[in-house]
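**Student:** One structure follows; several queries about it will come next.
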Amino acid sequence: MKKYGVNELRKMYLDFFKSKDHLVMNSFSLVPHNDKSLLLINAGMAPLKPYFTGAEIPPKRRVATCQKCIRTGDIENVGKTARHGTFFEMLGNFSFGDYFKQEAISWSWEFLTRVVGLDPERLYPSVYLEDDEAWNIWHDEIGIPAERIFRFGKEDNFWEHGAGPCGPCSEIYYDRGEKYGCGKPDCTVGCDCDRYIEVWNNVFTQFENDGEGHYELLKQKNIDTGMGLERLAVVVQEVDSIFDVDTMQALRDRVCAFAKTEYKKDETKDISIRLIVDHIRSATFMISDGIMPTNEGRGYVLRRLIRRAARHGRMLGIEGTFLSELSKTVIEGSRDGYPELEEKKDFIFKVLAQEEEKFNKTIDQGLNMLSGLEAEMAAKGEKTLNGANAFMLYDTYGFPLDLTKEILEEKGYTIDEEGFHVCMEEQRVKARTARAVTNYMGADATVYDQIPAAVTSEFVGYDTLTCESKISVLTTEKEITEALTDGVRGTVIVEKTPFYGTMGGQTGDKGEITCPEGRFVVEDTIHLLGGKIGHVGYMAEGMMKTGDTVTLTVEAHAHQNTCKNHSATHLLQKALKTVLGSHVEQKGSLVTPDRLRFDFSHFQAMTAEELERVEAMVNEEIAASLPVVTQVMSLDDAKKTGAMALFDEKYGDQVRVVSMGDFSKELCGGTHVGNTAEVGTFKIVSEAGVAAGVRRIEALTGDGVFAHYKKEEKELEEIAKLLKTTPAGIPDKVAGLLAEIKALSSENESLKSKLAKDALGDVMDQVVEVSGVKLLAAKLEGVDMNGLRELGDQLREKLGEGVVLLASVNEGKVSLMAAATEGAMKLGAHAGNLIKGVASLVGGGGGGRPNMAQAGGKNPSGVEAALEKAKEVLAGQLH
C-alpha cells in the first residue's frame, strides 16, 4: 500500500466522488451561517443542515466536501493523549434524497480498497442492530463474511439528536495490528484500545423522531458520510497517531526546533509539543475565517487556544514570540486544500503576533503572582483559589479562567468558579454605570474614540450610488477589530463611500458592502468625529478584514425616495414663506425614504385655505420640471446669491448651494433629485404645533402619496362595507344614521326620565325637617348619574326650599347626588360637604359645589346608613 500524504488523500477522495457525479464544494467557514445552535462548525454536515431540513434547495442532490472543523469538548485532554485534537478535516459525501444505502456502502468500500489500497481483510464493517438491509448489502453484495460484520446498539450505531431526522449508521473499522492492541484475548471491533480504528461512518437518515420515541419513515431519505482525514492518514501512512502524519509531523518538528528538543524523549515535553501543534492549526484556520481573539464566544475559544499554546511554549523554554512563525508551517502544509490560507497569511501572522505579544507582556508577572497565591494556599492548607484572585489574574494579567484552572489542576488545586463569575458580573455593572465615563470633549465615550485621528472618509455619493474602496477600520459594538465574521454586528469605515451619513435632517443611507468573501448589510450610516463616515450593520455572511477592497452599494430605491422628500422640503419652505410671510424660518426637519417632516416658525395654526395654497404651489413647481442645480462656492458668494441658510448652522468655507429653477435657492449638503419632476407629487398629511411659535408639517411624495391614497381607499371600502353601501354613498348613509341616532337618543332620554320617576315613586312623604330645613334622602335602583341629576332638579322644585340626597344602586355600584336650594344654602347647607360626609359609608368619595355635588362608591350595603347619616351631617352645617 502506498503511503499517501494528507493533501493527496484529500484530493483522491474529492476526485473519486466527483467521478460519481457529486458536486465538490469548498469547505464552509468555521463560523456557522444562520445557526445559533453552534459556536463553531464541528462536523461536515453542520453547514449543510438547511439542505437536509429542506429550508434551502441544495445546488445538487449529490455533494462532497472536505470541511474544516473544530471541537473543544475534550480540550483538557489535548496533548495529554495522542488521540485528541481540536482541529480536524472531515471528508464527507452527501445525498439529499438521491442515492441511499447500496451506493453509499459500495462506494465507501470501493474508495478504501481500490483507490486508497487498504487491505480488505483488515476492514470490518458495523451496522445497527436492527438494520438488516445494511447487513445484507455488506454480506451479499460486498461479500464480507458474517463473522466480520458487527451489529451494535443505538449508542454506537444510531445517529439522532432529539426530535427530527435520524437513522442508523454503518461504520468501517481498520485493524492496525496487535502492536496497537490491549492484549486482551477478547479484543475485537468496539474495544477501547487503539487496534481497531474507525475510519468511515455512513449515516442513513431515514426516520423522523417525534421526540417521544416514535419513528416514521422519511419521504426523502438522505446520506450523511463522515471520515476524518487525519485519521485516514494515520492508517494509510501506518503511523502511531495523528501527530505523526506528514503535515502534522512537519509542524511537530518545527516546534521541537524552536524548543531545541526531540519528540518522544520526555513525556512532559511531548504533552506541550502536541498541544502547540494542535492549537496553532486551530488558531490559524480560525483567524483565516475572520475570528478575532476576544473575551466572548468563539473569540474566547481562539484567545484560549493562543494563550494556552503560548504558555506551553514557555514550558518548553521557547523564548519570545513564536506562534506566527509556526503558523507559516501550518499554511505550507494546508494551502493545497485551502488556498485562502496563503492569501490571508499576512493577516493571520499579524493577529497571532498581536495576541501573543499582548499576553507575553503579562504572562511572567501573572505566573509569578499565581505561584505566590499557590504558596499562600499551601501555607493555609487550602486547596481552592478564591474567585476574586482568579478574576484578578483574568482582569490584570489576561489569564482566561480555563488557563488558570488548568495550571492549578496540574498541582492539585481547584478554583471557586462561582466567586469568579460574581466578580465578573460586578465589573459589568460598574462598566454599565460608568458609561457616564466621557471623553475629553465631554461626550459619552464610545468604541469610535479609539479610531486613529488620521483615518478619514471621502463622500462620493453626490454622483454615484456604488464604488470600490479599501476598509480602513472595522469595529464590533465594543472594540476595534481586524475582522468581522458571519452574524457579528459592527461598523465599517472605508476611504471613500457613496453612502450619505445622517446629517441636516436627512437620514443615512442603507445598502450593502461586499467582497469576494463576505457581505455586510448597512442598516445606518453615521458621521463620526474627524471626518469619518461609519457604516453600521451586521455581517450577513462570510467575513471582511481591514485592508480588504470592497464594493459599496447604496439601496437605490430608498435613496431615491429620500432625495424626493429632501427636494420637496426645499419647495415647501419657499411655498410657506410665500403664503405665510417672510417670518417663516426652518426650525428643524426630518427626511426619510418614507416621509418628510418640516418644523417652522409661525404663531398660529394654518387655515385649511393656507394649507391648500402651499400644497398646490409645491405641486405646481414639481410639474414645472425645474432643473435642480448644485454649485459649490464660498460662504460669502453663497450669501450674495440670496440662498436661504439656517440661522444657527455652522458652515465651512466652501458650501453647496442647491437651486430649483428660480423658485428656491438654499445652502444644503444633502442629496437631491436632478429635476423637480422626479418628485412626482406632494401631499400634506398633517399640520400641528410642537412648541411655542413652532408649527410642524408632515408630508409625503411620490410613492408615499400613492400608498397614502391606497390606504385611505381601502379604509373607505371597509367603512362602506360596514354601512352596506358604496364609497360614493357614504355621506348620505352617515347623514341618515346621524338623524336616526338623534331621534333615538331623544326617545331614550325620555324613557330614562320616565323610568327614573317610576323608580323613585312618590317620595314626598319621606321629607323630614332638620333644624327647620327640609331634607329628602331617598334610595333608587338602576338609575345612572344623569338620571339622578334630572330627578334632583325636579325634586328641588317640588320642595320649594331644602336639600335633596339621592342614592342609586346600579350593577353593584353606588351613585350619590346631592342638591341644595338657594334658601337652604343661606342657612349653611352645602351639597359638596354633605356628599363628602356620607360617601365613605358606600365605599367611595367625592364632593362638589354648595348647590350640587356627586360621588361614586362600591358598597351598596352602606346606602341606608349613608342616607341616615345625612341628617346628622346637614344638622352640623346649619346655623
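The way I read the labels, and the way they are meant: chains A, B, ... in the order of the C-alpha cells, residue 1 as the first residue of every chain, and ligand 1 as the first ligand shown, with later ones counted on from there.
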Need the shell around A:Tyr397: protein/DNA/RNA residues with any atom at most 8 Å away, counting only C-alpha atoms. Skip same-chain ones fewer than 5 positions apart. Format as a list in words?
**Tutor:**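 The filter keeps Phe359, Thr362, Ile363, Gln365, Gly366 and Met392 of chain A.
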**Student:** Write out as JSON lines a residue-level contact list of stretch 290-357 of chain A versus stretch 76-79 of chain A with cut-off 12 Å: for each qualifying residue the closest pair of atoms and the distance in Å to one decimal, counting only C-alpha atoms, rows sorted by chain and residue number upward.
**Tutor:**
```
{"residue": "A:Arg304", "atom": "CA", "partner": "A:Glu76", "partner_atom": "CA", "distance": 11.6}
{"residue": "A:Leu305", "atom": "CA", "partner": "A:Val78", "partner_atom": "CA", "distance": 10.9}
{"residue": "A:Arg308", "atom": "CA", "partner": "A:Glu76", "partner_atom": "CA", "distance": 10.6}
{"residue": "A:Ala309", "atom": "CA", "partner": "A:Gly79", "partner_atom": "CA", "distance": 10.6}
{"residue": "A:His312", "atom": "CA", "partner": "A:Gly79", "partner_atom": "CA", "distance": 10.3}
```
**Student:** Report as an mmCIF file with C-alpha atoms, in the first residue's frame all protein, DNA and RNA residues lying within 6 Å of stretch 227-230 of chain A, evaluated on only C-alpha atoms, omitting residues in the same chain fewer than 6 positions from it.
**Tutor:**
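Saved the output as out.cif:
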```cif
data_model
loop_
_atom_site.group_PDB
_atom_site.id
_atom_site.type_symbol
_atom_site.label_atom_id
_atom_site.label_comp_id
_atom_site.auth_asym_id
_atom_site.auth_seq_id
_atom_site.Cartn_x
_atom_site.Cartn_y
_atom_site.Cartn_z
ATOM 1 C CA GLU A 89 -10.744 17.911 8.468
ATOM 2 C CA MET A 90 -13.920 15.930 7.793
ATOM 3 C CA LEU A 91 -14.318 14.223 4.420
ATOM 4 C CA VAL A 199 -12.207 5.312 9.502
ATOM 5 C CA TRP A 200 -15.628 5.757 7.873
ATOM 6 C CA ILE A 242 -2.490 11.988 14.106
#
```
**Student:** Could you please write out, as a PyMOL selection string, every residue of stretch 84-244 of chain A that DSSP assigns to strand (DSSP E)?
**Tutor:** chain A and resi 87-96+123-128+150-152+158-159+164-175+196-209+215-228
**Student:** Work out how far atom CA of A:Lys836 is from atom CA of A:Glu749, in Å to one decimal.
**Tutor:**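 Between these atoms lies a distance of 29.0 Å.
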**Student:** Pick out the residues sitting within 12 Å of A:Asp270, and hand them over as a VMD selection string; count only C-alpha atoms, and ignore anything fewer than 3 positions along from it in its own chain.
**Tutor:** chain A and resid 78 to 82 243 252 to 253 255 to 256 259 261 to 267 273 to 277 312 to 313 315 to 316
**Student:** Work out how far atom CA of A:Pro185 is from atom CA of A:Arg151, in Å to one decimal.
**Tutor:**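 Here the two named atoms are 19.9 Å from each other.
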**Student:** Need to verify the contact set: A:Glu417, 10 Å, only C-alpha atoms, exclusion of same-chain residues closer than 3 positions in sequence. Can you return it as JSON, numbers by chain?
**Tutor:** {"A": [384, 385, 386, 387, 388, 390, 391, 401, 402, 405, 414, 420, 421, 422, 423]}
